[in-house]
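Student: Have a peek at work08.pdb (PDB, C-alpha atoms, pLDDT in the B column).
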MODEL        1
ATOM      1  CA  MET A  49     153.284  90.800 120.011  1.00 44.00           C
ATOM      2  CA  GLY A  50     154.905  94.074 120.933  1.00 50.00           C
ATOM      3  CA  ASN A  51     152.799  95.010 123.932  1.00 60.00           C
ATOM      4  CA  ASP A  52     151.474  92.237 126.180  1.00 72.00           C
ATOM      5  CA  LEU A  53     148.754  94.456 127.672  1.00 71.00           C
ATOM      6  CA  LYS A  54     147.107  94.902 124.282  1.00 77.00           C
ATOM      7  CA  TYR A  55     146.407  91.198 123.743  1.00 80.00           C
ATOM      8  CA  ASN A  56     144.511  88.579 125.705  1.00 77.00           C
ATOM      9  CA  ALA A  57     145.562  84.942 126.183  1.00 79.00           C
ATOM     10  CA  SER A  58     144.191  83.910 122.779  1.00 81.00           C
ATOM     11  CA  GLY A  59     146.211  86.606 121.007  1.00 81.00           C
ATOM     12  CA  CYS A  60     143.269  88.883 120.182  1.00 84.00           C
ATOM     13  CA  ARG A  61     143.492  92.592 120.931  1.00 85.00           C
ATOM     14  CA  ASP A  62     141.545  93.558 124.068  1.00 83.00           C
ATOM     15  CA  ILE A  63     141.351  97.350 124.339  1.00 84.00           C
ATOM     16  CA  VAL A  64     139.017  97.395 127.361  1.00 86.00           C
ATOM     17  CA  ALA A  65     141.323  95.186 129.431  1.00 82.00           C
ATOM     18  CA  GLU A  66     144.358  97.204 128.353  1.00 81.00           C
ATOM     19  CA  LYS A  67     142.777 100.489 129.509  1.00 83.00           C
ATOM     20  CA  ALA A  68     141.674  98.946 132.825  1.00 82.00           C
ATOM     21  CA  ILE A  69     145.128  97.545 133.563  1.00 80.00           C
ATOM     22  CA  ARG A  70     146.863 100.807 132.692  1.00 79.00           C
ATOM     23  CA  LYS A  71     144.479 102.774 134.910  1.00 77.00           C
ATOM     24  CA  ALA A  72     144.951 100.364 137.835  1.00 76.00           C
ATOM     25  CA  ASP A  73     148.756 100.432 137.496  1.00 73.00           C
ATOM     26  CA  HIS A  74     148.951 104.211 137.236  1.00 74.00           C
ATOM     27  CA  THR A  75     150.987 105.878 139.990  1.00 80.00           C
ATOM     28  CA  PRO A  76     149.125 108.848 141.464  1.00 85.00           C
ATOM     29  CA  TYR A  77     150.465 112.311 140.680  1.00 88.00           C
ATOM     30  CA  GLU A  78     151.037 112.976 144.403  1.00 90.00           C
ATOM     31  CA  ILE A  79     153.499 110.085 144.649  1.00 90.00           C
ATOM     32  CA  SER A  80     155.513 111.344 141.674  1.00 90.00           C
ATOM     33  CA  GLU A  81     155.644 114.810 143.201  1.00 94.00           C
ATOM     34  CA  LEU A  82     156.639 113.410 146.603  1.00 93.00           C
ATOM     35  CA  VAL A  83     159.545 111.452 145.112  1.00 92.00           C
ATOM     36  CA  ASP A  84     160.682 114.581 143.254  1.00 94.00           C
ATOM     37  CA  VAL A  85     160.578 116.693 146.444  1.00 96.00           C
ATOM     38  CA  ILE A  86     162.552 114.080 148.402  1.00 95.00           C
ATOM     39  CA  LYS A  87     165.207 113.943 145.670  1.00 94.00           C
ATOM     40  CA  LYS A  88     165.480 117.746 145.678  1.00 97.00           C
ATOM     41  CA  ILE A  89     165.811 117.875 149.473  1.00 97.00           C
ATOM     42  CA  ALA A  90     168.511 115.197 149.394  1.00 96.00           C
ATOM     43  CA  GLY A  91     170.335 117.135 146.667  1.00 97.00           C
ATOM     44  CA  ALA A  92     170.176 120.355 148.689  1.00 98.00           C
ATOM     45  CA  TYR A  93     171.943 118.553 151.544  1.00 97.00           C
ATOM     46  CA  GLY A  94     174.558 117.076 149.206  1.00 97.00           C
ATOM     47  CA  TYR A  95     173.077 113.588 148.942  1.00 97.00           C
ATOM     48  CA  GLU A  96     171.495 111.458 146.243  1.00 96.00           C
ATOM     49  CA  VAL A  97     168.635 109.024 146.634  1.00 94.00           C
ATOM     50  CA  GLU A  98     169.953 105.557 145.921  1.00 94.00           C
ATOM     51  CA  GLY A  99     167.574 102.707 145.372  1.00 92.00           C
ATOM     52  CA  ARG A 100     163.833 102.579 145.474  1.00 89.00           C
ATOM     53  CA  ILE A 101     161.531 104.699 147.581  1.00 89.00           C
ATOM     54  CA  ALA A 102     158.294 103.053 148.698  1.00 91.00           C
ATOM     55  CA  PHE A 103     155.191 104.747 150.090  1.00 92.00           C
ATOM     56  CA  ARG A 104     152.115 103.133 151.657  1.00 93.00           C
ATOM     57  CA  ASP A 105     148.765 104.906 151.568  1.00 90.00           C
ATOM     58  CA  LYS A 106     147.416 104.940 155.134  1.00 93.00           C
ATOM     59  CA  LYS A 107     143.782 104.660 154.009  1.00 92.00           C
ATOM     60  CA  SER A 108     143.916 102.144 151.162  1.00 89.00           C
ATOM     61  CA  LYS A 109     147.103 100.316 152.311  1.00 91.00           C
ATOM     62  CA  ILE A 110     148.353 100.354 148.689  1.00 87.00           C
ATOM     63  CA  VAL A 111     152.162 100.396 148.415  1.00 89.00           C
ATOM     64  CA  TYR A 112     153.686 102.535 145.673  1.00 88.00           C
ATOM     65  CA  LYS A 113     157.275 101.841 144.633  1.00 84.00           C
TER
ENDMDL
END
Take the structure in the file and give it back as structure tokens.
Tutor:
Amino acid sequence: MGNDLKYNASGCRDIVAEKAIRKADHTPYEISELVDVIKKIAGAYGYEVEGRIAFRDKKSKIVYK
């Protein structure tokens, strides 16, 4: 089975579950833009971002890595 999200435990394809999981795991556009801006700022100062950057939403408390 090529993609584990496409199949349930019994091996049958489960499209509804796949879509729900992908939507829940999706990183918001704002986070992607924020990481890009931070990398550009670091580059402008002659640095590179090394490692992972993590952000926590103040309202929902969700951590994005």
Student: Nearest residue to Lys113 of chain A out of A:Val83, A:Ala57, A:Val64, A:Val97, using all atoms listed in the file?
Tutor: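 The answer is A:Val83, which sits nearest to Lys113 of chain A.
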Student: Would you mind telling me which residue in A:Ala65, A:Gly94, A:Asn56, A:Ala102 lies nearest to Leu82 of chain A when using only C-alpha atoms?
Tutor: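 Nearest candidate to Leu82 of chain A out of A:Ala65, A:Gly94, A:Asn56, A:Ala102: A:Ala102.
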Student: Which residues, written as a VMD selection string, have at least one atom at most 10 Å from Leu53 of chain A, with only C-alpha atoms counted and residues fewer than 3 positions away on the same chain left out?
Tutor: chain A and resid 49 to 50 56 61 to 63 65 to 70
Student: Restricting the calculation to all atoms listed in the file: of A:Pro76, A:Cys60, A:Lys71, A:Lys88, which residue gets closest to Val111 of chain A?
Tutor: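 Using all atoms listed in the file, the shortest distance to Val111 of chain A belongs to A:Pro76.
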Student: Enclose all atoms of segment 80-94 of chain A listed in the file in an axis-aligned box, grow every side by 5 Å, and hand back centre and edge lengths in Å to one decimal, as lines of an AutoDock Vina configuration file.
Tutor:
center_x = 165.0
center_y = 115.8
center_z = 146.6
size_x = 29.0
size_y = 19.0
size_z = 19.9
Student: Which one is closest to Arg104 of chain A: A:Ile79, A:His74, A:Lys54, A:Lys87? Count only C-alpha atoms.
Tutor: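 That would be A:Ile79, the residue with the smallest distance to Arg104 of chain A.
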Student: For a test of reading the model, state the distance in Å between atom CA of Ala90 of chain A and atom CA of Ser108 of chain A, rounded to one decimal.
Tutor: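 Separation of atom CA of Ala90 of chain A and atom CA of Ser108 of chain A: 27.9 Å.
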Student: One number please: atom CA of Asp84 of chain A to atom CA of Asp105 of chain A, in Å, one decimal.
Tutor: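 Atom CA of Asp84 of chain A sits 17.5 Å away from atom CA of Asp105 of chain A.
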Student: What is the distance, in Å and to one decimal place, between atom CA of Ala72 of chain A and atom CA of Ile86 of chain A?
Tutor: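 Distance reported for this atom pair: 24.7 Å.
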Student: With distances taken over only C-alpha atoms, which of A:Ala92, A:Asp52, A:Phe103, A:Lys109 is nearest to Thr75 of chain A?
Tutor: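 Counting only C-alpha atoms, the residue closest to Thr75 of chain A is A:Phe103.
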